[in-house]
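Structure file start-v8.txt (compact mmCIF, C-alpha atoms) follows.
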```txt
# COMPACT_ATOMS: atom_id res chain seq x y z
CA MET A 1 0.00 0.00 0.00
CA GLU A 2 1.68 3.12 -1.32
CA GLN A 3 0.71 5.51 1.50
CA LEU A 4 2.09 3.20 4.20
CA ARG A 5 5.23 2.44 2.19
CA LYS A 6 5.86 6.18 1.85
CA ALA A 7 5.39 6.74 5.60
CA ILE A 8 7.85 3.92 6.37
CA GLU A 9 10.38 5.29 3.86
CA ASP A 10 10.04 8.90 5.04
CA GLN A 11 9.66 8.42 8.80
CA GLY A 12 10.51 4.82 9.77
CA VAL A 13 13.80 4.02 11.46
CA GLY A 14 15.60 0.68 11.28
CA ILE A 15 17.41 -0.35 14.45
CA GLY A 16 19.93 -3.19 14.44
CA LEU A 17 18.98 -6.09 12.18
CA ASP A 18 15.32 -6.53 12.99
CA VAL A 19 13.60 -3.57 14.71
CA VAL A 20 11.35 -1.36 12.58
CA LYS A 21 10.52 1.77 14.56
CA VAL A 22 7.32 3.36 13.28
CA ASP A 23 6.03 4.90 16.47
CA MET A 24 5.78 8.37 14.90
CA PHE A 25 2.79 7.32 12.78
CA LEU A 26 1.58 3.90 13.90
CA ASN A 27 2.52 2.68 17.37
CA HIS A 28 2.66 5.61 19.74
CA ARG A 29 1.60 8.62 17.69
CA ILE A 30 -1.02 7.60 15.10
CA ASP A 31 -1.41 9.32 11.73
CA THR A 32 -5.19 9.07 11.72
CA GLY A 33 -5.61 9.75 8.00
CA LEU A 34 -3.15 6.99 7.15
CA LEU A 35 -4.82 4.67 9.67
CA PHE A 36 -8.23 4.95 7.99
CA ALA A 37 -6.67 4.53 4.54
CA MET A 38 -5.13 1.29 5.84
CA GLY A 39 -8.55 0.25 7.11
CA GLU A 40 -9.96 0.79 3.61
CA ALA A 41 -7.14 -1.26 2.07
CA TRP A 42 -7.83 -4.22 4.36
CA ALA A 43 -11.58 -3.91 3.77
CA GLU A 44 -11.07 -4.01 0.00
CA GLU A 45 -8.95 -7.17 0.37
CA PHE A 46 -11.22 -9.01 2.79
CA ARG A 47 -14.77 -7.80 2.08
CA SER A 48 -15.47 -10.85 -0.08
CA GLU A 49 -14.57 -13.12 2.86
CA LYS A 50 -17.60 -11.68 4.73
CA PRO A 51 -15.96 -11.39 8.17
CA ASP A 52 -18.41 -10.73 10.97
CA LEU A 53 -15.86 -9.55 13.51
CA VAL A 54 -12.30 -8.23 13.68
CA LEU A 55 -9.98 -9.79 16.26
CA THR A 56 -6.73 -8.22 17.47
CA VAL A 57 -4.60 -8.03 20.60
CA GLU A 58 -4.03 -5.02 22.84
CA ALA A 59 -2.58 -2.47 22.69
CA SER A 60 -1.19 -1.30 19.38
CA GLY A 61 -3.44 -3.52 17.25
CA ILE A 62 -6.60 -1.83 18.49
CA ALA A 63 -6.45 1.32 16.35
CA MET A 64 -5.90 -0.72 13.17
CA ALA A 65 -8.66 -3.18 14.02
CA VAL A 66 -11.08 -0.28 14.58
CA ALA A 67 -10.19 1.29 11.22
CA ALA A 68 -10.67 -2.02 9.39
CA ALA A 69 -13.96 -2.76 11.17
CA HIS A 70 -15.25 0.73 10.31
CA ALA A 71 -14.41 0.27 6.63
CA LEU A 72 -16.17 -3.11 6.68
CA GLY A 73 -19.44 -1.49 7.73
CA ASP A 74 -18.90 -1.12 11.47
CA ILE A 75 -18.61 -4.80 12.31
CA PRO A 76 -17.56 -5.45 15.95
CA VAL A 77 -13.95 -5.47 17.15
CA VAL A 78 -12.74 -7.87 19.84
CA PHE A 79 -9.33 -7.36 21.36
CA ALA A 80 -7.57 -10.11 23.26
CA LYS A 81 -6.20 -9.00 26.61
CA LYS A 82 -2.77 -9.59 28.05
CA SER A 83 -3.59 -9.36 31.74
CA ALA A 84 -6.48 -10.47 33.91
CA ALA A 85 -8.59 -7.55 35.16
CA VAL A 86 -10.96 -7.76 38.11
CA THR A 87 -13.83 -7.37 35.65
CA ASN A 88 -12.92 -10.58 33.78
CA SER A 89 -15.55 -13.25 34.05
CA GLY A 90 -13.00 -16.06 34.05
CA ASP A 91 -14.88 -17.79 31.25
CA VAL A 92 -12.12 -17.30 28.71
CA VAL A 93 -10.01 -19.05 26.10
CA GLU A 94 -6.26 -18.49 26.36
CA ALA A 95 -3.11 -18.91 24.28
CA PRO A 96 0.58 -18.25 24.98
CA VAL A 97 2.38 -15.52 22.98
CA TYR A 98 6.06 -14.64 23.22
CA SER A 99 6.76 -10.94 22.65
CA PHE A 100 10.12 -10.31 20.98
CA THR A 101 9.71 -6.57 21.61
CA HIS A 102 9.29 -6.91 25.35
CA LYS A 103 11.17 -10.24 25.77
CA THR A 104 8.30 -11.65 27.77
CA GLN A 105 5.90 -14.56 27.52
CA ASN A 106 2.29 -13.39 27.77
CA HIS A 107 -0.94 -15.20 27.76
CA ILE A 108 -3.63 -13.61 25.64
CA ARG A 109 -7.24 -14.27 26.44
CA VAL A 110 -10.72 -13.58 25.13
CA ASP A 111 -14.00 -14.00 26.90
CA ARG A 112 -15.67 -16.96 25.23
CA LYS A 113 -18.93 -15.13 24.58
CA TYR A 114 -17.23 -12.45 22.44
CA LEU A 115 -15.85 -15.04 20.03
CA PRO A 116 -18.97 -17.01 19.14
CA GLU A 117 -18.76 -20.48 17.67
CA GLY A 118 -19.05 -20.34 13.89
CA SER A 119 -18.11 -16.65 13.58
CA ARG A 120 -16.03 -15.52 10.59
CA VAL A 121 -13.00 -13.75 11.98
CA LEU A 122 -10.63 -11.25 10.37
CA ILE A 123 -7.40 -11.02 12.40
CA ILE A 124 -5.66 -7.61 12.23
CA ASP A 125 -2.30 -6.74 13.78
CA ASP A 126 0.45 -4.18 13.37
CA PHE A 127 3.47 -6.46 12.86
CA LEU A 128 4.07 -9.97 11.59
CA ALA A 129 7.53 -11.38 12.28
CA ASP A 130 7.72 -14.88 13.72
CA GLY A 131 3.95 -15.05 13.73
CA GLN A 132 3.62 -15.55 17.48
CA ALA A 133 0.72 -13.13 17.98
CA VAL A 134 -1.19 -14.33 14.89
CA HIS A 135 -0.77 -17.97 15.93
CA GLY A 136 -2.03 -17.09 19.42
CA LEU A 137 -5.09 -15.37 17.94
CA MET A 138 -5.69 -18.30 15.55
CA SER A 139 -5.49 -20.67 18.53
CA LEU A 140 -8.21 -18.67 20.32
CA CYS A 141 -10.42 -18.98 17.21
CA GLU A 142 -9.74 -22.70 16.90
CA GLN A 143 -10.66 -23.26 20.55
CA ARG A 144 -13.95 -21.47 19.90
CA LYS A 145 -14.61 -23.22 16.55
CA ALA A 146 -14.55 -19.80 14.87
CA LYS A 147 -13.23 -19.56 11.29
CA VAL A 148 -10.27 -17.30 10.48
CA VAL A 149 -11.21 -15.90 7.05
CA GLY A 150 -8.20 -13.60 6.74
CA VAL A 151 -5.18 -12.04 8.40
CA GLY A 152 -4.44 -8.35 7.76
CA ILE A 153 -1.04 -7.02 8.79
CA ALA A 154 0.38 -3.51 8.59
CA ILE A 155 4.09 -4.38 8.37
CA GLU A 156 5.45 -7.85 7.69
CA LYS A 157 9.11 -8.57 8.37
CA GLY A 158 9.81 -10.57 5.23
CA PHE A 159 13.14 -11.77 6.62
CA GLN A 160 11.39 -13.64 9.43
CA PRO A 161 9.36 -16.78 8.76
CA GLY A 162 5.84 -15.89 10.01
CA GLY A 163 4.40 -14.63 6.72
CA GLU A 164 5.69 -17.45 4.52
CA GLU A 165 4.46 -20.07 6.97
CA LEU A 166 0.95 -18.59 6.92
CA ARG A 167 0.89 -18.40 3.10
CA LYS A 168 2.07 -22.01 2.81
CA ALA A 169 -0.68 -23.04 5.21
CA GLY A 170 -3.23 -21.46 2.83
CA VAL A 171 -4.16 -18.53 5.07
CA HIS A 172 -5.49 -15.48 3.21
CA LEU A 173 -2.83 -13.00 4.34
CA LYS A 174 -2.51 -9.36 3.31
CA SER A 175 0.46 -7.37 4.56
CA LEU A 176 0.23 -3.70 3.55
CA ALA A 177 4.04 -3.40 3.49
CA ILE A 178 6.80 -6.00 3.62
CA VAL A 179 10.28 -5.18 4.93
CA ASP A 180 12.97 -7.28 3.24
CA ALA A 181 15.92 -6.10 5.29
CA ILE A 182 17.31 -3.46 7.61
CA GLU A 183 20.75 -2.29 6.53
CA ASP A 184 22.67 0.45 8.35
CA GLY A 185 19.46 1.93 9.77
CA LYS A 186 17.76 1.89 6.36
CA ILE A 187 14.53 -0.04 5.88
CA ARG A 188 14.44 -1.87 2.54
CA LEU A 189 10.87 -2.54 1.39
CA ARG A 190 9.82 -5.30 -0.98
CA GLU A 191 8.40 -4.07 -4.30
CA GLU A 192 4.65 -4.43 -4.57
CA ASP A 193 3.19 -7.02 -6.96
CA MET B 1 -25.52 10.65 24.91
CA GLU B 2 -28.61 8.56 24.31
CA GLN B 3 -27.03 5.71 22.34
CA LEU B 4 -24.38 5.08 25.00
CA ARG B 5 -26.92 5.40 27.82
CA LYS B 6 -29.08 2.79 26.13
CA ALA B 7 -26.12 0.41 25.70
CA ILE B 8 -25.25 0.79 29.39
CA GLU B 9 -28.86 0.23 30.44
CA ASP B 10 -29.37 -2.78 28.14
CA GLN B 11 -25.99 -4.50 28.42
CA GLY B 12 -23.95 -3.00 31.27
CA VAL B 13 -23.56 -4.88 34.53
CA GLY B 14 -22.96 -3.30 37.92
CA ILE B 15 -20.66 -5.25 40.24
CA GLY B 16 -20.43 -4.42 43.93
CA LEU B 17 -20.60 -0.72 44.67
CA ASP B 18 -18.29 0.71 42.05
CA VAL B 19 -17.52 -1.54 39.07
CA VAL B 20 -19.32 -0.81 35.80
CA LYS B 21 -18.76 -3.72 33.44
CA VAL B 22 -19.21 -2.66 29.83
CA ASP B 23 -16.81 -5.01 28.13
CA MET B 24 -19.50 -6.34 25.78
CA PHE B 25 -19.57 -3.07 23.82
CA LEU B 26 -16.67 -0.85 24.94
CA ASN B 27 -13.71 -2.49 26.69
CA HIS B 28 -13.14 -5.93 25.24
CA ARG B 29 -15.68 -6.30 22.48
CA ILE B 30 -16.29 -2.94 20.77
CA ASP B 31 -19.61 -1.96 19.19
CA THR B 32 -17.99 -0.12 16.29
CA GLY B 33 -21.13 1.79 15.27
CA LEU B 34 -21.59 3.09 18.81
CA LEU B 35 -17.86 3.91 19.00
CA PHE B 36 -17.99 6.20 15.97
CA ALA B 37 -21.20 7.84 17.20
CA MET B 38 -19.33 8.59 20.44
CA GLY B 39 -16.50 10.06 18.39
CA GLU B 40 -19.01 12.37 16.67
CA ALA B 41 -20.48 13.43 20.03
CA TRP B 42 -17.06 14.40 21.40
CA ALA B 43 -16.17 16.17 18.14
CA GLU B 44 -19.35 18.24 18.34
CA GLU B 45 -18.52 19.22 21.91
CA PHE B 46 -14.85 20.06 21.37
CA ARG B 47 -14.55 21.20 17.73
CA SER B 48 -14.67 24.87 18.80
CA GLU B 49 -11.66 24.28 21.09
CA LYS B 50 -9.60 23.54 17.95
CA PRO B 51 -7.60 20.60 19.34
CA ASP B 52 -4.66 19.59 17.20
CA LEU B 53 -4.15 16.17 18.76
CA VAL B 54 -6.01 13.61 20.87
CA LEU B 55 -4.17 12.13 23.85
CA THR B 56 -5.16 8.93 25.64
CA VAL B 57 -3.57 6.03 27.50
CA GLU B 58 -3.31 2.42 26.35
CA ALA B 59 -5.12 0.11 25.99
CA SER B 60 -8.87 0.67 26.18
CA GLY B 61 -8.70 4.43 25.51
CA ILE B 62 -7.20 3.93 22.07
CA ALA B 63 -10.37 2.98 20.18
CA MET B 64 -12.25 5.99 21.57
CA ALA B 65 -9.40 8.38 20.85
CA VAL B 66 -9.25 7.14 17.25
CA ALA B 67 -13.00 7.65 16.79
CA ALA B 68 -12.83 11.20 18.20
CA ALA B 69 -9.78 12.10 16.12
CA HIS B 70 -11.47 10.79 12.97
CA ALA B 71 -14.58 12.90 13.63
CA LEU B 72 -12.35 15.94 14.20
CA GLY B 73 -10.92 15.66 10.69
CA ASP B 74 -8.29 12.95 11.20
CA ILE B 75 -6.10 14.85 13.67
CA PRO B 76 -3.31 12.69 15.17
CA VAL B 77 -3.77 10.42 18.19
CA VAL B 78 -1.03 9.95 20.78
CA PHE B 79 -1.38 7.20 23.34
CA ALA B 80 0.66 7.19 26.52
CA LYS B 81 2.33 3.87 27.23
CA LYS B 82 2.39 1.94 30.47
CA SER B 83 5.61 0.02 30.00
CA ALA B 84 9.00 0.74 28.47
CA ALA B 85 9.54 -1.09 25.19
CA VAL B 86 12.94 -1.67 23.64
CA THR B 87 11.98 0.78 20.87
CA ASN B 88 11.54 3.67 23.34
CA SER B 89 13.96 6.51 22.79
CA GLY B 90 14.13 7.30 26.49
CA ASP B 91 13.39 10.95 25.77
CA VAL B 92 10.02 10.86 27.51
CA VAL B 93 7.85 12.65 30.03
CA GLU B 94 6.32 10.48 32.74
CA ALA B 95 3.57 10.60 35.36
CA PRO B 96 2.37 8.11 37.98
CA VAL B 97 -1.14 6.64 37.69
CA TYR B 98 -2.79 4.28 40.14
CA SER B 99 -5.15 1.79 38.49
CA PHE B 100 -8.12 0.88 40.69
CA THR B 101 -9.07 -1.84 38.20
CA HIS B 102 -5.75 -3.63 38.36
CA LYS B 103 -4.71 -2.44 41.87
CA THR B 104 -1.34 -1.40 40.54
CA GLN B 105 0.71 1.78 40.31
CA ASN B 106 1.81 2.42 36.74
CA HIS B 107 3.90 5.09 35.19
CA ILE B 108 2.55 6.43 31.93
CA ARG B 109 4.93 7.99 29.47
CA VAL B 110 4.94 9.83 26.18
CA ASP B 111 7.87 10.52 23.91
CA ARG B 112 8.49 14.26 24.17
CA LYS B 113 8.45 14.81 20.41
CA TYR B 114 4.88 13.49 20.05
CA LEU B 115 3.52 16.07 22.50
CA PRO B 116 4.90 19.29 21.07
CA GLU B 117 5.16 22.44 23.16
CA GLY B 118 2.17 24.67 22.53
CA SER B 119 -0.07 21.94 21.13
CA ARG B 120 -3.81 22.02 21.91
CA VAL B 121 -4.68 18.66 23.42
CA LEU B 122 -8.01 16.87 23.73
CA ILE B 123 -7.77 14.10 26.35
CA ILE B 124 -10.08 11.11 25.74
CA ASP B 125 -10.56 8.15 28.06
CA ASP B 126 -13.10 5.43 28.73
CA PHE B 127 -13.71 5.94 32.46
CA LEU B 128 -13.44 8.81 34.91
CA ALA B 129 -13.63 7.84 38.58
CA ASP B 130 -11.00 9.29 40.92
CA GLY B 131 -9.42 11.05 37.96
CA GLN B 132 -6.05 9.34 38.27
CA ALA B 133 -5.57 8.67 34.56
CA VAL B 134 -6.76 12.14 33.49
CA HIS B 135 -4.50 13.83 36.04
CA GLY B 136 -1.58 11.74 34.80
CA LEU B 137 -2.30 12.78 31.20
CA MET B 138 -2.70 16.43 32.26
CA SER B 139 0.66 16.22 34.03
CA LEU B 140 2.30 14.99 30.80
CA CYS B 141 0.81 18.01 28.96
CA GLU B 142 1.93 20.42 31.67
CA GLN B 143 5.47 19.06 31.54
CA ARG B 144 5.48 19.67 27.78
CA LYS B 145 3.80 23.11 28.02
CA ALA B 146 0.92 21.76 25.94
CA LYS B 147 -2.59 23.12 26.58
CA VAL B 148 -5.41 20.75 27.58
CA VAL B 149 -8.42 22.23 25.73
CA GLY B 150 -10.86 19.53 26.79
CA VAL B 151 -11.42 16.17 28.44
CA GLY B 152 -13.85 13.71 26.83
CA ILE B 153 -14.94 10.70 28.85
CA ALA B 154 -17.22 7.82 27.92
CA ILE B 155 -18.50 6.90 31.39
CA GLU B 156 -18.05 9.06 34.49
CA LYS B 157 -18.65 7.55 37.91
CA GLY B 158 -20.57 10.45 39.40
CA PHE B 159 -20.27 8.97 42.91
CA GLN B 160 -16.48 9.37 42.80
CA PRO B 161 -14.82 12.78 42.95
CA GLY B 162 -12.81 12.99 39.70
CA GLY B 163 -15.43 14.70 37.54
CA GLU B 164 -16.47 17.34 40.06
CA GLU B 165 -12.87 18.22 40.79
CA LEU B 166 -12.15 18.79 37.10
CA ARG B 167 -15.29 20.93 36.64
CA LYS B 168 -14.41 23.05 39.70
CA ALA B 169 -10.92 23.53 38.27
CA GLY B 170 -12.53 24.98 35.12
CA VAL B 171 -11.65 22.08 32.81
CA HIS B 172 -13.95 21.68 29.79
CA LEU B 173 -15.20 18.17 30.58
CA LYS B 174 -17.74 16.16 28.61
CA SER B 175 -18.81 12.76 29.93
CA LEU B 176 -21.14 10.97 27.52
CA ALA B 177 -22.83 9.13 30.40
CA ILE B 178 -22.68 9.61 34.17
CA VAL B 179 -23.37 6.75 36.58
CA ASP B 180 -24.87 7.99 39.86
CA ALA B 181 -24.93 4.69 41.71
CA ILE B 182 -24.77 0.93 41.44
CA GLU B 183 -27.51 -0.74 43.43
CA ASP B 184 -28.01 -4.52 43.50
CA GLY B 185 -26.26 -4.96 40.17
CA LYS B 186 -28.30 -2.17 38.55
CA ILE B 187 -26.55 0.83 37.06
CA ARG B 188 -28.41 4.09 37.81
CA LEU B 189 -27.61 6.78 35.23
CA ARG B 190 -27.88 10.54 35.85
CA GLU B 191 -30.54 12.25 33.71
CA GLU B 192 -29.11 14.32 30.88
CA ASP B 193 -29.34 18.13 31.05
```

Here is a file; write its structure as structure tokens.
Amino acid sequence: MEQLRKAIEDQGVGIGLDVVKVDMFLNHRIDTGLLFAMGEAWAEEFRSEKPDLVLTVEASGIAMAVAAAHALGDIPVVFAKKSAAVTNSGDVVEAPVYSFTHKTQNHIRVDRKYLPEGSRVLIIDDFLADGQAVHGLMSLCEQRKAKVVGVGIAIEKGFQPGGEELRKAGVHLKSLAIVDAIEDGKIRLREED
Amino acid sequence: MEQLRKAIEDQGVGIGLDVVKVDMFLNHRIDTGLLFAMGEAWAEEFRSEKPDLVLTVEASGIAMAVAAAHALGDIPVVFAKKSAAVTNSGDVVEAPVYSFTHKTQNHIRVDRKYLPEGSRVLIIDDFLADGQAVHGLMSLCEQRKAKVVGVGIAIEKGFQPGGEELRKAGVHLKSLAIVDAIEDGKIRLREED
């Protein structure tokens, strides 16, 4: 998606070999115009899959999930939580997710009643690298007998295996930008098809 | 705001004396249509204050901040973070916030460059009870010499002091619904003006 690619090229910062810092427009400060354009791009890709809810994980996935759900006609958003709050009912499904950013193992969880059996789920997240978060979200859907009809990602790290594994498994995956490498602080993007 | 009041009355659950559980449409599952109607209601209230960014705190404030920012013409959203990630620059302003939901003391932080000196800030959050989160966000703005032009809240707990304190201090506060009491699991809402 050209608008996201341009934002990454103009404002993104590569750190080391694998960190893509985009917190000036996506992960800390949000460029709202870009966000809703991304929502439209995912909606165009996945409308034919007829999702009836968007699933993501807190925190930085929420804005993107909301934009996609809005573009798909205001379907509901459900975000998996990383910590148990006193308001949790306890009637949840859970999956483990390792965060490479925070170097921690989390459990993500969703209240069973917000992920109904038979629902058609579009998973949206900001990054796809090793695929830990997406696999956790897919596990939640599997436990609830909900169908994952698509996975929409903002930025895929093409040099890590998560994206290729999902494509090989036949998952309908759309990454709006794919980073092929980080070289001397420069982010090299894959050409679009 | 009638649509939010109706959602609280139809779906909200009161727990004990002070917990308002609205995670079926606001805090875990999001009713996207309602969310964007809330964004329009805040935009109507605060458009004349000419905010140039919306500030909130992760995680559950993000969806509401995005909806408000969209209705205000796609102005940027900045969300304060609760934990230091490896991508943080370290050049941040911080404030302490006690969470009554999680019974924990957090520090919230914003990268200084995303809260520019002189900016006109609309603070958006889901709940206002003791006012801890709002005061933390106001402290971040004060440290950056940014002006808080308004505070938009989804649900104010009118039986806790945060809202009245802000109004007495002359803050332009708009709560879309005010809960006066929780009695035997029922949520009693204040009549609208």

Per-residue nearest contacts chain A to chain B, cut-off 6 Å, using all atoms listed in the file, as CSV:
```
residue,atom,partner,partner_atom,distance
A:His28,CA,B:Phe79,CA,5.6
A:Arg29,CA,B:Val78,CA,4.3
A:Ile30,CA,B:Val77,CA,5.0
A:Asp31,CA,B:Pro76,CA,5.2
A:Thr32,CA,B:Asp74,CA,5.0
A:Gly33,CA,B:Asp74,CA,5.3
A:Ala59,CA,B:Ala59,CA,4.9
A:Ala63,CA,B:Ala63,CA,5.7
A:Asp74,CA,B:Thr32,CA,5.0
A:Pro76,CA,B:Asp31,CA,5.2
A:Val77,CA,B:Ile30,CA,5.0
A:Val78,CA,B:Arg29,CA,4.3
A:Phe79,CA,B:His28,CA,5.6
A:Ala85,CA,B:His102,CA,5.8
A:His102,CA,B:Ala85,CA,5.8
```

A straight line from CA of Gly118 in chain B to CA of Leu4 in chain A spans 28.2 Å

So that I can check the surroundings of Leu17 in chain A, please list as an MDAnalysis selection string every protein, DNA and RNA residue that reaches within 12 Å of it, counting only C-alpha atoms and ignoring chain neighbours fewer than 4 positions away.
chainID A and resid 13 21 157 159:160 179:188

- Message: Counting all atoms listed in the file, which residue out of A:Ser119, A:Ser99, A:Gln11, A:Asn106 sits closest to Asp52 in chain A?
- Response: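 Nearest candidate to Asp52 in chain A out of A:Ser119, A:Ser99, A:Gln11, A:Asn106: A:Ser119.
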
Exercise. Which residue, B:Arg190, B:Lys168, B:Lys145, B:Lys174, has the smallest gap to Asp125 in chain B when you use all atoms listed in the file?
Worked result: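 Once distances to Asp125 in chain B are computed over all atoms listed in the file, the minimum belongs to B:Lys174.
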
- Between A:Asp193, A:Arg167, A:Ile155, A:Ala41, which one has atoms that come closest to Arg5 in chain A, using all atoms listed in the file?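 Using all atoms listed in the file, the shortest distance to Arg5 in chain A belongs to A:Ile155.
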
Excluding Gly136 in chain B and its own-chain neighbours fewer than 5 positions away, which residues fall within 9 Å of it when counting all atoms listed in the file? Please give them as a VMD selection string. chain B and resid 94 to 97 107 to 108 131 141

Pairwise distance for CA of Ile123 in chain B and CA of Ile8 in chain A, rounded to one decimal in Å: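 Computing it gives 27.3 Å between the two atoms.
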
- Closest to Glu165 in chain B among B:Ser139, B:Glu191, B:Arg144, B:Asp130, using all atoms listed in the file?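 Of the candidates, the smallest distance to Glu165 in chain B is held by B:Asp130.
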
Using all atoms listed in the file, which residues sit within 7 Å of Pro51 in chain B once same-chain residues fewer than 4 positions away are excluded, as a list of chain:residue names?
-> B:Arg120, B:Val121, B:Leu122, B:Val149
